[in-house]
>>> print(open('data-v5.txt').read())   # compact mmCIF, C-alpha atoms
# COMPACT_ATOMS: atom_id res chain seq x y z
CA MET A 1 0.96 -15.17 3.85
CA SER A 2 -1.01 -12.91 6.19
CA ASP A 3 -0.99 -9.19 6.88
CA THR A 4 0.45 -8.96 10.41
CA ASN A 5 -0.56 -5.36 11.09
CA PRO A 6 -3.54 -4.29 8.97
CA SER A 7 -4.51 -1.42 11.30
CA GLN A 8 -1.13 0.28 10.87
CA ARG A 9 -1.26 -0.25 7.10
CA ARG A 10 -4.75 1.27 6.93
CA ARG A 11 -3.70 4.22 9.12
CA ALA A 12 -0.69 4.87 6.89
CA ARG A 13 -2.86 4.78 3.77
CA LEU A 14 -5.37 7.14 5.38
CA ILE A 15 -2.62 9.60 6.28
CA ASN A 16 -1.20 9.43 2.75
CA ALA A 17 -4.64 9.96 1.26
CA ALA A 18 -5.31 12.90 3.56
CA LEU A 19 -1.97 14.46 2.60
CA ALA A 20 -2.69 13.94 -1.07
CA LEU A 21 -6.15 15.43 -0.71
CA GLY A 22 -4.77 18.31 1.31
CA CYS A 23 -2.19 19.03 -1.37
CA ALA A 24 -4.88 18.95 -4.03
CA LEU A 25 -7.05 21.37 -2.06
CA LEU A 26 -4.09 23.61 -1.36
CA GLY A 27 -3.27 23.63 -5.06
CA ALA A 28 -6.83 24.49 -5.98
CA ALA A 29 -7.04 27.24 -3.38
CA ALA A 30 -3.66 28.61 -4.37
CA GLY A 31 -4.76 28.64 -7.98
CA TRP A 32 -7.81 30.66 -7.02
CA TYR A 33 -5.63 33.13 -5.14
CA TRP A 34 -3.36 33.39 -8.17
CA GLN A 35 -6.28 34.17 -10.44
CA ALA A 36 -7.50 36.71 -7.89
CA GLY A 37 -4.17 38.49 -7.99
CA SER A 38 -3.11 37.68 -4.42
CA ILE A 39 -0.02 35.77 -5.56
CA GLY A 40 2.99 37.15 -7.27
CA ALA A 41 3.07 40.59 -5.73
CA ASP A 42 6.83 40.19 -5.36
CA GLY A 43 7.16 39.15 -9.01
CA LYS A 44 8.33 35.65 -8.03
CA GLY A 45 5.03 33.88 -7.60
CA ALA A 46 5.49 33.42 -3.83
CA LEU A 47 2.42 33.02 -1.65
CA PRO A 48 2.37 35.71 1.08
CA GLU A 49 2.38 34.32 4.64
CA ARG A 50 -1.04 35.82 5.39
CA ASP A 51 -2.58 34.12 2.36
CA ARG A 52 -0.77 30.82 3.02
CA VAL A 53 -2.31 30.65 6.49
CA ALA A 54 -5.73 31.46 5.00
CA VAL A 55 -5.41 28.71 2.40
CA GLU A 56 -4.36 26.16 5.04
CA GLN A 57 -7.35 27.14 7.15
CA VAL A 58 -9.67 26.61 4.17
CA VAL A 59 -8.27 23.12 3.68
CA HIS A 60 -8.53 22.31 7.39
CA ASP A 61 -12.11 23.53 7.64
CA TYR A 62 -13.15 21.62 4.52
CA LEU A 63 -11.68 18.33 5.75
CA MET A 64 -13.27 18.78 9.18
CA ALA A 65 -16.65 19.54 7.60
CA HIS A 66 -16.46 16.64 5.13
CA PRO A 67 -14.53 13.76 6.77
CA GLU A 68 -16.50 11.29 4.66
CA ILE A 69 -14.34 12.13 1.66
CA LEU A 70 -11.23 10.71 3.34
CA PRO A 71 -12.15 7.02 2.71
CA GLU A 72 -12.90 7.95 -0.91
CA ALA A 73 -9.55 9.73 -1.17
CA MET A 74 -7.82 6.73 0.40
CA ALA A 75 -9.45 4.36 -2.10
CA GLU A 76 -8.41 6.57 -5.01
CA TYR A 77 -4.90 6.93 -3.61
CA ASP A 78 -4.63 3.13 -3.32
CA ARG A 79 -6.04 2.62 -6.82
CA LYS A 80 -3.53 4.93 -8.45
CA LYS A 81 -0.63 3.57 -6.41
CA ASN A 82 -1.55 -0.05 -7.18
CA LEU A 83 -2.06 0.69 -10.87
CA GLY A 84 1.37 2.26 -11.06
CA GLU A 85 2.92 -0.80 -9.42
CA LEU A 86 0.99 -3.13 -11.72
CA ASN A 87 1.93 -1.30 -14.91
CA ALA A 88 5.60 -1.54 -13.94
CA VAL A 89 5.47 -5.36 -13.88
CA ARG A 90 2.39 -6.21 -15.97
CA GLY A 91 4.32 -7.98 -18.72
CA ALA A 92 6.13 -10.23 -16.24
CA VAL A 93 2.98 -10.94 -14.23
CA GLU A 94 0.93 -12.00 -17.25
CA GLN A 95 3.68 -14.17 -18.76
CA ALA A 96 3.22 -17.90 -18.17
CA SER A 97 6.85 -18.82 -18.72
CA LEU A 98 6.52 -22.42 -17.49
CA GLY A 99 3.03 -23.16 -18.81
CA THR A 100 0.95 -22.92 -15.63
CA VAL A 101 -2.19 -21.94 -17.52
CA LEU A 102 -5.89 -22.76 -17.26
CA GLY A 103 -8.60 -21.95 -19.78
CA ASN A 104 -7.63 -20.86 -23.27
CA PRO A 105 -3.80 -20.72 -23.57
CA ARG A 106 -4.20 -18.31 -26.52
CA GLY A 107 -7.00 -16.29 -24.97
CA LYS A 108 -7.09 -12.56 -25.59
CA LEU A 109 -8.09 -11.77 -22.00
CA THR A 110 -5.75 -12.70 -19.13
CA LEU A 111 -6.62 -13.33 -15.49
CA VAL A 112 -3.69 -13.92 -13.13
CA GLU A 113 -4.13 -15.86 -9.89
CA PHE A 114 -1.48 -16.19 -7.18
CA THR A 115 -2.30 -19.42 -5.34
CA ASP A 116 -1.12 -21.91 -2.71
CA TYR A 117 -2.36 -25.52 -2.60
CA ALA A 118 -2.53 -25.32 1.20
CA CYS A 119 -4.86 -22.31 1.02
CA GLY A 120 -8.50 -23.10 1.83
CA TYR A 121 -9.68 -19.88 0.18
CA CYS A 122 -7.85 -20.90 -3.01
CA ARG A 123 -9.63 -24.26 -2.87
CA HIS A 124 -13.00 -22.54 -2.50
CA SER A 125 -12.16 -20.38 -5.53
CA VAL A 126 -11.53 -23.32 -7.89
CA SER A 127 -15.21 -23.62 -8.84
CA ASP A 128 -15.42 -19.83 -9.36
CA VAL A 129 -12.52 -19.95 -11.82
CA ASP A 130 -14.03 -22.98 -13.56
CA ALA A 131 -17.31 -21.10 -14.03
CA LEU A 132 -15.46 -18.06 -15.32
CA ILE A 133 -13.59 -20.15 -17.88
CA ALA A 134 -16.80 -21.84 -19.00
CA ALA A 135 -18.49 -18.48 -19.52
CA ASN A 136 -15.51 -16.87 -21.29
CA PRO A 137 -13.96 -19.04 -24.03
CA ASP A 138 -11.30 -16.40 -24.71
CA LEU A 139 -10.11 -16.26 -21.07
CA ARG A 140 -6.53 -17.23 -20.31
CA VAL A 141 -5.86 -17.87 -16.62
CA VAL A 142 -2.19 -17.61 -15.67
CA VAL A 143 -1.61 -19.30 -12.32
CA ARG A 144 1.41 -18.09 -10.38
CA GLU A 145 2.36 -20.72 -7.82
CA LEU A 146 2.96 -18.93 -4.50
CA PRO A 147 3.80 -21.59 -1.87
CA ILE A 148 3.87 -19.52 1.32
CA LEU A 149 1.73 -21.36 3.86
CA THR A 150 3.44 -24.69 4.58
CA PRO A 151 6.71 -26.43 3.62
CA ALA A 152 4.68 -28.95 1.60
CA SER A 153 3.19 -26.07 -0.40
CA ALA A 154 6.50 -25.72 -2.23
CA ASP A 155 6.58 -29.45 -3.02
CA ALA A 156 3.07 -29.24 -4.49
CA ALA A 157 3.96 -26.11 -6.47
CA LYS A 158 7.05 -27.77 -7.96
CA MET A 159 5.00 -30.82 -8.94
CA ALA A 160 2.49 -28.45 -10.58
CA ILE A 161 5.30 -26.91 -12.66
CA ALA A 162 6.46 -30.42 -13.58
CA ALA A 163 2.89 -31.22 -14.64
CA ALA A 164 2.86 -28.10 -16.83
CA GLU A 165 6.03 -29.29 -18.54
CA GLN A 166 4.12 -32.45 -19.53
CA GLY A 167 1.03 -30.53 -20.64
CA ARG A 168 -0.92 -31.84 -17.63
CA TYR A 169 -1.18 -28.69 -15.53
CA PRO A 170 -4.99 -28.30 -15.46
CA GLN A 171 -5.37 -31.96 -14.50
CA PHE A 172 -2.88 -31.70 -11.64
CA HIS A 173 -4.25 -28.36 -10.46
CA GLN A 174 -7.73 -29.80 -10.09
CA ALA A 175 -6.53 -33.08 -8.57
CA MET A 176 -4.25 -31.39 -6.04
CA PHE A 177 -6.99 -29.17 -4.68
CA ALA A 178 -9.35 -32.15 -4.59
CA SER A 179 -6.80 -34.23 -2.63
CA GLY A 180 -6.73 -31.92 0.39
CA ARG A 181 -3.83 -30.13 2.07
CA PRO A 182 -0.51 -30.95 0.44
CA ASP A 183 1.78 -33.60 1.88
CA ALA A 184 3.82 -36.37 0.30
CA GLY A 185 0.78 -38.64 0.03
CA THR A 186 -1.70 -36.15 -1.44
CA ILE A 187 0.88 -34.79 -3.91
CA ALA A 188 1.65 -38.29 -5.16
CA GLU A 189 -2.06 -39.08 -5.37
CA ALA A 190 -2.75 -35.94 -7.41
CA ALA A 191 0.19 -36.67 -9.71
CA ARG A 192 -1.12 -40.17 -10.39
CA ALA A 193 -4.62 -38.84 -11.03
CA ALA A 194 -3.20 -36.30 -13.50
CA GLY A 195 -1.29 -39.00 -15.38
CA ILE A 196 2.15 -37.54 -14.73
CA ASP A 197 5.35 -39.36 -15.69
CA MET A 198 7.07 -39.27 -12.30
CA ALA A 199 10.62 -39.85 -13.52
CA ARG A 200 10.29 -36.96 -15.94
CA ALA A 201 8.64 -34.87 -13.23
CA GLN A 202 11.54 -35.38 -10.83
CA ARG A 203 13.97 -34.00 -13.41
CA VAL A 204 11.88 -30.84 -13.75
CA ILE A 205 11.53 -30.50 -9.97
CA ALA A 206 15.33 -30.69 -9.62
CA ASP A 207 15.90 -28.12 -12.37
CA PRO A 208 17.04 -24.75 -10.88
CA LYS A 209 14.55 -23.00 -13.19
CA THR A 210 11.69 -24.45 -11.14
CA GLU A 211 12.92 -22.99 -7.87
CA ALA A 212 13.70 -19.72 -9.67
CA GLU A 213 10.09 -19.51 -10.85
CA LEU A 214 8.79 -19.74 -7.28
CA VAL A 215 11.22 -17.05 -6.14
CA ARG A 216 10.12 -14.88 -9.06
CA ASN A 217 6.46 -15.33 -8.15
CA LEU A 218 7.14 -14.28 -4.57
CA ASP A 219 9.01 -11.21 -5.79
CA LEU A 220 6.14 -10.24 -8.10
CA ALA A 221 3.62 -10.67 -5.29
CA ARG A 222 5.65 -8.38 -3.06
CA GLN A 223 5.97 -5.77 -5.79
CA LEU A 224 2.20 -5.78 -6.20
CA GLY A 225 1.63 -5.54 -2.45
CA PHE A 226 -0.12 -8.90 -2.18
CA SER A 227 0.00 -10.33 1.34
CA GLY A 228 -2.10 -13.47 0.90
CA THR A 229 -3.63 -16.01 -1.42
CA PRO A 230 -5.58 -16.13 -3.57
CA SER A 231 -4.70 -12.81 -5.15
CA TRP A 232 -5.88 -11.73 -8.58
CA VAL A 233 -4.94 -9.42 -11.42
CA ILE A 234 -7.11 -8.70 -14.44
CA GLY A 235 -6.99 -5.55 -16.51
CA ASP A 236 -6.37 -2.72 -14.05
CA ALA A 237 -8.00 -4.58 -11.14
CA MET A 238 -6.07 -6.15 -8.27
CA MET A 239 -7.92 -8.17 -5.63
CA THR A 240 -7.06 -10.42 -2.71
CA GLY A 241 -9.08 -13.22 -1.14
CA ALA A 242 -11.88 -15.54 -2.16
CA VAL A 243 -13.74 -12.68 -3.81
CA GLY A 244 -16.44 -14.90 -5.31
CA ALA A 245 -17.75 -15.65 -8.77
CA ASP A 246 -19.75 -12.43 -9.13
CA ARG A 247 -16.83 -10.13 -8.37
CA LEU A 248 -14.53 -12.09 -10.67
CA ALA A 249 -17.13 -11.93 -13.44
CA LYS A 250 -17.46 -8.18 -12.97
CA ALA A 251 -13.67 -7.76 -13.11
CA VAL A 252 -13.63 -9.69 -16.40
CA ALA A 253 -16.42 -7.52 -17.80
CA ASP A 254 -14.63 -4.35 -16.69
CA ALA A 255 -11.39 -5.55 -18.30
CA ARG A 256 -13.23 -6.08 -21.58
CA SER A 257 -14.51 -2.54 -21.56
>>> encode(input="data-v5.txt", output="structure tokens")
Amino acid sequence: MSDTNPSQRRRARLINAALALGCALLGAAAGWYWQAGSIGADGKGALPERDRVAVEQVVHDYLMAHPEILPEAMAEYDRKKNLGELNAVRGAVEQASLGTVLGNPRGKLTLVEFTDYACGYCRHSVSDVDALIAANPDLRVVVRELPILTPASADAAKMAIAAAEQGRYPQFHQAMFASGRPDAGTIAEAARAAGIDMARAQRVIADPKTEAELVRNLDLARQLGFSGTPSWVIGDAMMTGAVGADRLAKAVADARS
């Protein structure tokens, strides 16, 4: 899934951040006027028109003199907005209801990855996740299958869920990415390499719960504002793209603290 209009999204965030910053500055300036006795002359706490214009001019002049704070305000606005969205669905996001887990299934620290087997960036990130697991024995990696790139992505994701039902998810996950882009041949090859009972797998694939899991993953991704794979959640951090081993390691360290 790709962001079809990133410039408009960035412009909207910048406007929202500017408005938020403007409101904060207005509040601060109004508070100063209140303390100075310029507010409340009518006994109702109303800001006189003359003073309102003065406060707005202060805010305008400050933003014009310090435009560099707008990107910082935008980043903080995004952080708080994203954190609010994450906290609303954190329990659902971190729950591995169908067993699609890498690392330590009982780990105290949870990393969530939204992935698609047709995604080259996801494939490049496999070694980063492996290194992270090796360095953090208590790390639980919940993989949310998000088949959004090709029709065969959904077939691979369903086979992955079937592998999880047999306790063979890590084996299939590795084999599927090693096999190349998903199609009938590479999916079957990865299933054989993972030692999957195909008759049993077909029953899981046909189970409505499997399709429902993929729909649920898509809904969670939308709620979190993710527009591509891989996307990551750990602690209060949300990231998108092949962010690399160092950034993932830092996110793990931050989540610990």
>>> atom_distance(input="data-v5.txt", atom1="atom CA of Gly99 of chain A", atom2="atom CA of Arg144 of chain A")
10.0 Å
>>> closest_residue(input="data-v5.txt", among="A:Gln166, A:Asn217, A:Ser125, A:Thr229", to="Asp246 of chain A", atoms="all atoms listed in the file")
A:Ser125
>>> axis_aligned_box(input="data-v5.txt", around="segment 251-256 of chain A", padding_each_side="3 Å", output="lines of an AutoDock Vina configuration file")
center_x = -13.9
center_y = -7.0
center_z = -17.3
size_x = 11.0
size_y = 11.3
size_z = 14.5
>>> residues_near_point(input="data-v5.txt", point="(-13.8, -14.9, -8.7)", cutoff="9 Å", atoms="only C-alpha atoms", output="list in words")
Ser125, Val126, Ser127, Asp128, Val129, Ala131, Leu132, Trp232, Ala242, Val243, Gly244, Ala245, Asp246, Arg247, Leu248, Ala249, Lys250 and Ala251 of chain A
>>> residues_near_point(input="data-v5.txt", point="(-7.5, -17.2, -21.8)", cutoff="9 Å", atoms="all atoms listed in the file", output="count of residues only")
19
>>> closest_residue(input="data-v5.txt", among="A:Val93, A:Leu220, A:Ala162, A:Ala178", to="Arg203 of chain A", atoms="only C-alpha atoms")
A:Ala162
>>> atom_distance(input="data-v5.txt", atom1="atom CA of Leu224 of chain A", atom2="atom CA of Leu86 of chain A")
6.2 Å
>>> closest_residue(input="data-v5.txt", among="A:Met176, A:Ile161, A:Met198, A:Ile148", to="Phe226 of chain A", atoms="all atoms listed in the file")
A:Ile148
>>> atom_distance(input="data-v5.txt", atom1="atom CA of Ile234 of chain A", atom2="atom CA of Ala255 of chain A")
6.6 Å
>>> closest_residue(input="data-v5.txt", among="A:Asp236, A:Glu189, A:Glu165, A:Glu56", to="Asp207 of chain A", atoms="all atoms listed in the file")
A:Glu165
>>> residues_around(input="data-v5.txt", residues="Asp219 of chain A", least_positions_apart="2", cutoff="12 Å", atoms="all atoms listed in the file", output="list of chain:residue names")
A:Val89, A:Ala92, A:Val93, A:Phe114, A:Arg144, A:Glu145, A:Leu146, A:Ala212, A:Glu213, A:Leu214, A:Val215, A:Arg216, A:Asn217, A:Ala221, A:Arg222, A:Gln223, A:Leu224, A:Gly225, A:Phe226, A:Ser227
>>> write_last_selection(input="data-v5.txt", atoms="C-alpha atoms", output="PDB file, in the coordinates of the input")
ATOM      1  CA  VAL A  89       5.470  -5.360 -13.880  1.00  0.00           C
ATOM      2  CA  ALA A  92       6.130 -10.230 -16.240  1.00  0.00           C
ATOM      3  CA  VAL A  93       2.980 -10.940 -14.230  1.00  0.00           C
ATOM      4  CA  PHE A 114      -1.480 -16.190  -7.180  1.00  0.00           C
ATOM      5  CA  ARG A 144       1.410 -18.090 -10.380  1.00  0.00           C
ATOM      6  CA  GLU A 145       2.360 -20.720  -7.820  1.00  0.00           C
ATOM      7  CA  LEU A 146       2.960 -18.930  -4.500  1.00  0.00           C
ATOM      8  CA  ALA A 212      13.700 -19.720  -9.670  1.00  0.00           C
ATOM      9  CA  GLU A 213      10.090 -19.510 -10.850  1.00  0.00           C
ATOM     10  CA  LEU A 214       8.790 -19.740  -7.280  1.00  0.00           C
ATOM     11  CA  VAL A 215      11.220 -17.050  -6.140  1.00  0.00           C
ATOM     12  CA  ARG A 216      10.120 -14.880  -9.060  1.00  0.00           C
ATOM     13  CA  ASN A 217       6.460 -15.330  -8.150  1.00  0.00           C
ATOM     14  CA  ALA A 221       3.620 -10.670  -5.290  1.00  0.00           C
ATOM     15  CA  ARG A 222       5.650  -8.380  -3.060  1.00  0.00           C
ATOM     16  CA  GLN A 223       5.970  -5.770  -5.790  1.00  0.00           C
ATOM     17  CA  LEU A 224       2.200  -5.780  -6.200  1.00  0.00           C
ATOM     18  CA  GLY A 225       1.630  -5.540  -2.450  1.00  0.00           C
ATOM     19  CA  PHE A 226      -0.120  -8.900  -2.180  1.00  0.00           C
ATOM     20  CA  SER A 227       0.000 -10.330   1.340  1.00  0.00           C
TER      21      SER A 227
END
>>> closest_residue(input="data-v5.txt", among="A:Ala237, A:Lys209, A:Asp183, A:Arg256", to="Val112 of chain A", atoms="all atoms listed in the file")
A:Ala237
